[in-house]
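K.L.:
The following file, protein.pdb, comprises PDB, C-alpha atoms:
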ATOM      1  CA  MET A   1     -17.409 -49.450 -57.149
ATOM      2  CA  GLN A   2     -19.206 -51.987 -54.939
ATOM      3  CA  LEU A   3     -16.192 -52.204 -52.632
ATOM      4  CA  ASP A   4     -16.186 -48.418 -52.205
ATOM      5  CA  ASN A   5     -19.866 -48.549 -51.249
ATOM      6  CA  LEU A   6     -19.166 -51.292 -48.721
ATOM      7  CA  TYR A   7     -16.341 -49.216 -47.223
ATOM      8  CA  GLN A   8     -18.630 -46.170 -47.010
ATOM      9  CA  GLU A   9     -21.210 -48.304 -45.193
ATOM     10  CA  VAL A  10     -18.582 -49.499 -42.676
ATOM     11  CA  ILE A  11     -17.518 -45.907 -41.983
ATOM     12  CA  LEU A  12     -21.103 -44.686 -41.632
ATOM     13  CA  ASP A  13     -22.012 -47.608 -39.366
ATOM     14  CA  HIS A  14     -19.117 -46.836 -37.012
ATOM     15  CA  TYR A  15     -20.031 -43.135 -37.118
ATOM     16  CA  LYS A  16     -23.709 -43.745 -36.331
ATOM     17  CA  HIS A  17     -23.046 -46.577 -33.851
ATOM     18  CA  PRO A  18     -19.618 -45.821 -32.352
ATOM     19  CA  GLN A  19     -17.969 -48.527 -30.301
ATOM     20  CA  ASN A  20     -16.568 -47.778 -26.815
ATOM     21  CA  LYS A  21     -17.680 -44.123 -26.965
ATOM     22  CA  LYS A  22     -18.062 -43.439 -23.270
ATOM     23  CA  LEU A  23     -15.051 -42.450 -21.225
ATOM     24  CA  SER A  24     -14.236 -45.015 -18.586
ATOM     25  CA  PRO A  25     -13.521 -43.514 -15.163
ATOM     26  CA  VAL A  26     -10.714 -46.059 -14.690
ATOM     27  CA  PHE A  27      -7.635 -45.678 -16.893
ATOM     28  CA  ASP A  28      -3.848 -45.733 -16.960
ATOM     29  CA  ALA A  29      -3.600 -42.772 -19.336
ATOM     30  CA  GLN A  30      -5.928 -40.087 -20.615
ATOM     31  CA  VAL A  31      -5.185 -37.840 -23.586
ATOM     32  CA  HIS A  32      -6.921 -35.062 -25.488
ATOM     33  CA  HIS A  33      -6.073 -34.577 -29.162
ATOM     34  CA  VAL A  34      -7.342 -31.931 -31.574
ATOM     35  CA  ASN A  35      -7.044 -31.665 -35.330
ATOM     36  CA  PRO A  36      -6.455 -27.912 -35.664
ATOM     37  CA  SER A  37      -7.170 -27.909 -39.398
ATOM     38  CA  CYS A  38     -10.821 -28.939 -38.948
ATOM     39  CA  GLY A  39     -11.601 -28.856 -35.220
ATOM     40  CA  ASP A  40     -12.121 -32.604 -34.661
ATOM     41  CA  GLU A  41     -11.456 -33.544 -31.016
ATOM     42  CA  ILE A  42     -10.868 -36.836 -29.212
ATOM     43  CA  ASP A  43     -10.528 -37.643 -25.515
ATOM     44  CA  LEU A  44      -9.160 -41.163 -25.126
ATOM     45  CA  ASN A  45      -8.665 -43.287 -22.020
ATOM     46  CA  LEU A  46      -6.441 -46.362 -22.124
ATOM     47  CA  THR A  47      -5.969 -49.239 -19.705
ATOM     48  CA  ILE A  48      -3.192 -51.814 -20.078
ATOM     49  CA  ASN A  49      -2.887 -54.944 -17.930
ATOM     50  CA  ASP A  50       0.222 -57.139 -18.173
ATOM     51  CA  GLY A  51       1.128 -55.750 -21.598
ATOM     52  CA  VAL A  52      -2.364 -56.298 -23.023
ATOM     53  CA  ILE A  53      -4.805 -53.516 -23.895
ATOM     54  CA  SER A  54      -7.751 -54.188 -21.623
ATOM     55  CA  ASN A  55      -9.768 -51.066 -22.405
ATOM     56  CA  ILE A  56      -9.881 -48.098 -24.742
ATOM     57  CA  SER A  57     -12.720 -45.668 -24.203
ATOM     58  CA  TRP A  58     -13.239 -42.329 -25.855
ATOM     59  CA  ASP A  59     -15.437 -39.356 -26.479
ATOM     60  CA  GLY A  60     -15.193 -36.793 -29.187
ATOM     61  CA  VAL A  61     -16.707 -34.594 -31.833
ATOM     62  CA  GLY A  62     -15.898 -34.303 -35.472
ATOM     63  CA  CYS A  63     -16.438 -35.610 -38.944
ATOM     64  CA  SER A  64     -17.553 -39.125 -39.777
ATOM     65  CA  ILE A  65     -13.991 -40.120 -40.699
ATOM     66  CA  SER A  66     -12.406 -39.142 -37.374
ATOM     67  CA  GLN A  67     -15.207 -40.597 -35.282
ATOM     68  CA  ALA A  68     -15.477 -43.849 -37.262
ATOM     69  CA  SER A  69     -11.708 -44.273 -37.263
ATOM     70  CA  VAL A  70     -11.405 -44.156 -33.466
ATOM     71  CA  SER A  71     -14.406 -46.483 -33.112
ATOM     72  CA  ILE A  72     -12.711 -48.967 -35.458
ATOM     73  CA  LEU A  73      -9.431 -48.573 -33.543
ATOM     74  CA  THR A  74     -11.060 -49.571 -30.250
ATOM     75  CA  GLU A  75     -12.596 -52.726 -31.693
ATOM     76  CA  LEU A  76      -9.345 -53.629 -33.387
ATOM     77  CA  LEU A  77      -6.919 -53.041 -30.507
ATOM     78  CA  ILE A  78      -8.746 -54.048 -27.315
ATOM     79  CA  GLY A  79      -7.389 -57.428 -26.241
ATOM     80  CA  LYS A  80      -4.158 -57.074 -28.231
ATOM     81  CA  LYS A  81      -0.645 -57.075 -26.811
ATOM     82  CA  ILE A  82       0.991 -53.653 -27.015
ATOM     83  CA  ALA A  83       3.585 -54.898 -29.527
ATOM     84  CA  ASP A  84       0.825 -56.222 -31.795
ATOM     85  CA  ALA A  85      -1.122 -52.965 -31.437
ATOM     86  CA  TYR A  86       1.958 -50.989 -32.529
ATOM     87  CA  SER A  87       2.347 -53.243 -35.558
ATOM     88  CA  ILE A  88      -1.277 -52.562 -36.531
ATOM     89  CA  LEU A  89      -0.765 -48.840 -35.862
ATOM     90  CA  ASP A  90       2.312 -48.799 -38.110
ATOM     91  CA  GLN A  91       0.412 -50.519 -40.918
ATOM     92  CA  PHE A  92      -2.487 -48.082 -40.609
ATOM     93  CA  VAL A  93      -0.153 -45.065 -40.680
ATOM     94  CA  ALA A  94       1.627 -46.505 -43.742
ATOM     95  CA  LEU A  95      -1.754 -46.950 -45.432
ATOM     96  CA  MET A  96      -2.745 -43.362 -44.672
ATOM     97  CA  GLN A  97       0.577 -41.973 -45.898
ATOM     98  CA  SER A  98       0.543 -44.031 -49.128
ATOM     99  CA  LYS A  99      -1.619 -41.598 -51.157
ATOM    100  CA  GLY A 100      -3.589 -44.630 -52.336
ATOM    101  CA  ALA A 101      -0.530 -46.584 -53.514
ATOM    102  CA  VAL A 102      -0.679 -49.212 -50.726
ATOM    103  CA  PRO A 103      -3.815 -51.360 -50.542
ATOM    104  CA  GLY A 104      -3.307 -52.383 -46.907
ATOM    105  CA  ASP A 105      -3.729 -55.812 -45.375
ATOM    106  CA  GLU A 106      -7.406 -56.384 -44.575
ATOM    107  CA  TYR A 107      -6.517 -59.363 -42.350
ATOM    108  CA  VAL A 108      -4.454 -57.078 -40.113
ATOM    109  CA  LEU A 109      -6.469 -53.864 -40.408
ATOM    110  CA  GLU A 110      -9.942 -55.458 -40.523
ATOM    111  CA  ASP A 111     -12.561 -52.633 -40.672
ATOM    112  CA  ALA A 112      -9.792 -50.001 -40.737
ATOM    113  CA  ILE A 113      -9.192 -51.004 -44.362
ATOM    114  CA  ALA A 114     -12.441 -49.144 -45.106
ATOM    115  CA  LEU A 115     -10.487 -45.919 -44.548
ATOM    116  CA  ALA A 116      -7.986 -46.704 -47.346
ATOM    117  CA  GLY A 117      -9.639 -44.240 -49.717
ATOM    118  CA  VAL A 118      -8.973 -41.413 -47.274
ATOM    119  CA  SER A 119      -5.258 -41.655 -48.099
ATOM    120  CA  LYS A 120      -5.996 -40.041 -51.486
ATOM    121  CA  TYR A 121      -7.213 -36.868 -49.764
ATOM    122  CA  PRO A 122      -4.398 -35.179 -47.813
ATOM    123  CA  ALA A 123      -6.782 -32.866 -45.964
ATOM    124  CA  ARG A 124      -8.629 -35.883 -44.518
ATOM    125  CA  ILE A 125      -5.645 -38.001 -43.471
ATOM    126  CA  LYS A 126      -5.316 -36.129 -40.170
ATOM    127  CA  CYS A 127      -8.992 -36.891 -39.494
ATOM    128  CA  ALA A 128      -8.409 -40.618 -39.911
ATOM    129  CA  LEU A 129      -5.215 -40.549 -37.840
ATOM    130  CA  LEU A 130      -6.521 -38.449 -34.928
ATOM    131  CA  GLY A 131      -7.639 -41.354 -32.728
ATOM    132  CA  TRP A 132      -4.620 -43.462 -33.685
ATOM    133  CA  MET A 133      -2.197 -40.725 -32.618
ATOM    134  CA  ALA A 134      -4.181 -40.289 -29.403
ATOM    135  CA  PHE A 135      -3.828 -44.033 -28.780
ATOM    136  CA  LYS A 136      -0.074 -43.864 -29.429
ATOM    137  CA  ASP A 137       0.321 -40.944 -27.018
ATOM    138  CA  ALA A 138      -1.797 -42.657 -24.342
ATOM    139  CA  SER A 139       0.104 -45.936 -24.704
ATOM    140  CA  VAL A 140       3.443 -44.197 -24.177
ATOM    141  CA  GLN A 141       2.064 -42.487 -21.057
ATOM    142  CA  ALA A 142       0.506 -45.708 -19.719
ATOM    143  CA  GLN A 143       3.714 -47.674 -20.192
ATOM    144  CA  ALA A 144       5.777 -44.939 -18.544
ATOM    145  CA  LYS A 145       3.355 -44.918 -15.615
ATOM    146  CA  SER A 146       3.588 -48.716 -15.220
ATOM    147  CA  LYS A 147       7.378 -48.461 -14.988
ATOM    148  CA  LEU A 148       7.015 -45.978 -12.138
ATOM    149  CA  ASP A 149       4.530 -48.120 -10.190
TER     150      ASP A 149
END
Rewrite the structure from the file as structure tokens, please.
P.N.:
Amino acid sequence: MQLDNLYQEVILDHYKHPQNKKLSPVFDAQVHHVNPSCGDEIDLNLTINDGVISNISWDGVGCSISQASVSILTELLIGKKIADAYSILDQFVALMQSKGAVPGDEYVLEDAIALAGVSKYPARIKCALLGWMAFKDASVQAQAKSKLD
């Protein structure tokens, strides 16, 4: 029970004090994602330099889960190589799709492990994944753009 309370505090802290929530005017890719089942929205800007994520900025509206999740994502992925970010993304998606069966690796997922309980509630999984899918979309666009430049 204490661990659940700690996780709730992490989520609420990221919701009340979101990290990187101000769209940067400089970016390699910009995406807008919406969760049609609840109306949560995320605009996400991504900048990649030499295969390393140099900036993720965002703005959005929605529930505490969607907003905290994207805040956690930015702290976790900024400064990471794209390949490492995809590995973290894959582990987070696996956690969300596990229906509570997979505990997740807190050393890899860091604060994102606080969202593990969400995987038991199918209606909330899309909330937790919204920012992560926006990141994935933006990273594909940014990498495609860099190949054209």
K.L.:
Can you spell out as a PyMOL selection string the set of residues that the PyMOL selection byres ((chain A and resi 94-108) around 8) selects in the structure I just provided?
P.N.:
chain A and resi 88+90-93+109-113+116-122+125+128-129
K.L.:
Which is closest to A:Pro25 among A:Ala123, A:Ile56, A:Ala68, A:Met133, if we use all atoms listed in the file?
P.N.:
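Ranked by minimum distance to A:Pro25, first place goes to A:Ile56.
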K.L.:
Rank A:Lys147, A:Phe135, A:Asp4, A:Glu75 by their smallest atom-to-atom distance to A:Ala29, using all atoms listed in the file, and report the top residue only.
P.N.:
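Of A:Lys147, A:Phe135, A:Asp4, A:Glu75, the one nearest A:Ala29 is A:Phe135, counting all atoms listed in the file.
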K.L.:
Any chance you could resolve the PyMOL selection byres ((chain A and resi 143) around 10) against this file and give the residues as a list in words?
P.N.:
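Applied to this file, the PyMOL selection byres ((chain A and resi 143) around 10) returns Asp28, Ala29, Thr47, Ile48, Gly51, Ile82, Ala138, Ser139, Val140, Gln141, Ala142, Ala144, Lys145, Ser146, Lys147 and Leu148 of chain A.
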K.L.:
Just the number, please: distance in Å from atom CA of A:Asp43 to atom CA of A:Lys80, one decimal.
P.N.:
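Atom-to-atom, atom CA of A:Asp43 and atom CA of A:Lys80 are spaced 20.6 Å apart.
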K.L.:
Name the residues that the PyMOL selection byres ((chain A and resi 32) around 10) pulls out of this structure, and write them as a PyMOL selection string.
P.N.:
chain A and resi 30-31+33-34+41-45+58-60+131+134+137-138
K.L.:
Give me a file of those residues, with C-alpha atoms, as a compact mmCIF listing (two decimals), in the frame of the given file.
P.N.:
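part-v9.txt, written as the output of this step:
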# COMPACT_ATOMS: atom_id res chain seq x y z
CA GLN A 30 -5.93 -40.09 -20.62
CA VAL A 31 -5.18 -37.84 -23.59
CA HIS A 33 -6.07 -34.58 -29.16
CA VAL A 34 -7.34 -31.93 -31.57
CA GLU A 41 -11.46 -33.54 -31.02
CA ILE A 42 -10.87 -36.84 -29.21
CA ASP A 43 -10.53 -37.64 -25.52
CA LEU A 44 -9.16 -41.16 -25.13
CA ASN A 45 -8.66 -43.29 -22.02
CA TRP A 58 -13.24 -42.33 -25.86
CA ASP A 59 -15.44 -39.36 -26.48
CA GLY A 60 -15.19 -36.79 -29.19
CA GLY A 131 -7.64 -41.35 -32.73
CA ALA A 134 -4.18 -40.29 -29.40
CA ASP A 137 0.32 -40.94 -27.02
CA ALA A 138 -1.80 -42.66 -24.34
K.L.:
Between A:Val52, A:Ile78, A:Leu89, A:Ile65, single out the one closest to A:Leu115, counting all atoms listed in the file.
P.N.:
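Using all atoms listed in the file, A:Leu115 sits closest to A:Ile65.
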K.L.:
What is the distance, in Å and to one decimal place, between atom CA of A:Phe27 and atom CA of A:Leu46?
P.N.:
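These atoms are spaced 5.4 Å apart.
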K.L.:
Hey, which of A:Ser54, A:Ser37, A:Asn20, A:Ser66 ends up closest to A:Ala85? Count all atoms listed in the file.
P.N.:
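Comparing A:Ser54, A:Ser37, A:Asn20, A:Ser66 against A:Ala85, the winner is A:Ser54.
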K.L.:
Starting from the incomplete input, reconstruct N, CA and C atoms of stretch 81-113 of chain A and report them as a short mmCIF file (atom, residue, chain, number, x, y, z; two decimals), in the frame of the given file.
P.N.:
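That gives us selection36.cif:
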data_model
loop_
_atom_site.label_atom_id
_atom_site.label_comp_id
_atom_site.auth_asym_id
_atom_site.auth_seq_id
_atom_site.Cartn_x
_atom_site.Cartn_y
_atom_site.Cartn_z
N LYS A 81 -1.89 -57.44 -27.49
CA LYS A 81 -0.64 -57.08 -26.81
C LYS A 81 -0.18 -55.75 -27.39
N ILE A 82 0.51 -54.96 -26.57
CA ILE A 82 0.99 -53.65 -27.02
C ILE A 82 1.84 -53.77 -28.28
N ALA A 83 2.73 -54.74 -28.34
CA ALA A 83 3.58 -54.90 -29.53
C ALA A 83 2.75 -55.15 -30.78
N ASP A 84 1.71 -55.95 -30.66
CA ASP A 84 0.82 -56.22 -31.80
C ASP A 84 0.04 -54.97 -32.18
N ALA A 85 -0.39 -54.21 -31.17
CA ALA A 85 -1.12 -52.96 -31.44
C ALA A 85 -0.23 -51.97 -32.19
N TYR A 86 1.04 -51.89 -31.81
CA TYR A 86 1.96 -50.99 -32.53
C TYR A 86 2.18 -51.44 -33.97
N SER A 87 2.21 -52.73 -34.20
CA SER A 87 2.35 -53.24 -35.56
C SER A 87 1.13 -52.84 -36.40
N ILE A 88 -0.05 -52.97 -35.84
CA ILE A 88 -1.28 -52.56 -36.53
C ILE A 88 -1.26 -51.05 -36.76
N LEU A 89 -0.87 -50.29 -35.74
CA LEU A 89 -0.76 -48.84 -35.86
C LEU A 89 0.18 -48.47 -37.00
N ASP A 90 1.34 -49.10 -37.06
CA ASP A 90 2.31 -48.80 -38.11
C ASP A 90 1.73 -49.08 -39.50
N GLN A 91 1.01 -50.19 -39.62
CA GLN A 91 0.41 -50.52 -40.92
C GLN A 91 -0.68 -49.52 -41.30
N PHE A 92 -1.45 -49.06 -40.32
CA PHE A 92 -2.49 -48.08 -40.61
C PHE A 92 -1.87 -46.75 -41.02
N VAL A 93 -0.83 -46.32 -40.33
CA VAL A 93 -0.15 -45.06 -40.68
C VAL A 93 0.44 -45.17 -42.09
N ALA A 94 1.06 -46.30 -42.40
CA ALA A 94 1.63 -46.50 -43.74
C ALA A 94 0.53 -46.42 -44.80
N LEU A 95 -0.62 -47.01 -44.51
CA LEU A 95 -1.75 -46.95 -45.43
C LEU A 95 -2.18 -45.50 -45.65
N MET A 96 -2.29 -44.75 -44.57
CA MET A 96 -2.74 -43.36 -44.67
C MET A 96 -1.73 -42.48 -45.41
N GLN A 97 -0.46 -42.78 -45.26
CA GLN A 97 0.58 -41.97 -45.90
C GLN A 97 0.88 -42.41 -47.33
N SER A 98 0.22 -43.45 -47.82
CA SER A 98 0.54 -44.03 -49.13
C SER A 98 -0.04 -43.28 -50.32
N LYS A 99 -0.94 -42.33 -50.08
CA LYS A 99 -1.62 -41.60 -51.16
C LYS A 99 -2.35 -42.56 -52.10
N GLY A 100 -2.83 -43.66 -51.55
CA GLY A 100 -3.59 -44.63 -52.34
C GLY A 100 -2.75 -45.69 -53.01
N ALA A 101 -1.43 -45.63 -52.84
CA ALA A 101 -0.53 -46.58 -53.51
C ALA A 101 -0.45 -47.94 -52.81
N VAL A 102 -0.75 -47.97 -51.51
CA VAL A 102 -0.68 -49.21 -50.73
C VAL A 102 -2.11 -49.66 -50.43
N PRO A 103 -2.44 -50.91 -50.78
CA PRO A 103 -3.82 -51.36 -50.54
C PRO A 103 -4.12 -51.67 -49.08
N GLY A 104 -3.09 -52.01 -48.30
CA GLY A 104 -3.31 -52.38 -46.91
C GLY A 104 -3.70 -53.84 -46.78
N ASP A 105 -3.44 -54.41 -45.64
CA ASP A 105 -3.73 -55.81 -45.38
C ASP A 105 -5.03 -55.91 -44.58
N GLU A 106 -6.11 -56.34 -45.24
CA GLU A 106 -7.41 -56.38 -44.58
C GLU A 106 -7.45 -57.39 -43.43
N TYR A 107 -6.55 -58.38 -43.44
CA TYR A 107 -6.52 -59.36 -42.35
C TYR A 107 -5.92 -58.75 -41.08
N VAL A 108 -5.05 -57.78 -41.25
CA VAL A 108 -4.45 -57.08 -40.11
C VAL A 108 -5.33 -55.89 -39.70
N LEU A 109 -5.76 -55.11 -40.68
CA LEU A 109 -6.47 -53.86 -40.41
C LEU A 109 -7.98 -54.04 -40.23
N GLU A 110 -8.52 -55.17 -40.65
CA GLU A 110 -9.94 -55.46 -40.52
C GLU A 110 -10.77 -54.27 -41.02
N ASP A 111 -11.71 -53.74 -40.22
CA ASP A 111 -12.56 -52.63 -40.67
C ASP A 111 -11.79 -51.36 -41.00
N ALA A 112 -10.59 -51.20 -40.46
CA ALA A 112 -9.79 -50.00 -40.74
C ALA A 112 -9.43 -49.91 -42.21
N ILE A 113 -9.47 -51.02 -42.93
CA ILE A 113 -9.19 -51.00 -44.36
C ILE A 113 -10.23 -50.15 -45.10
#
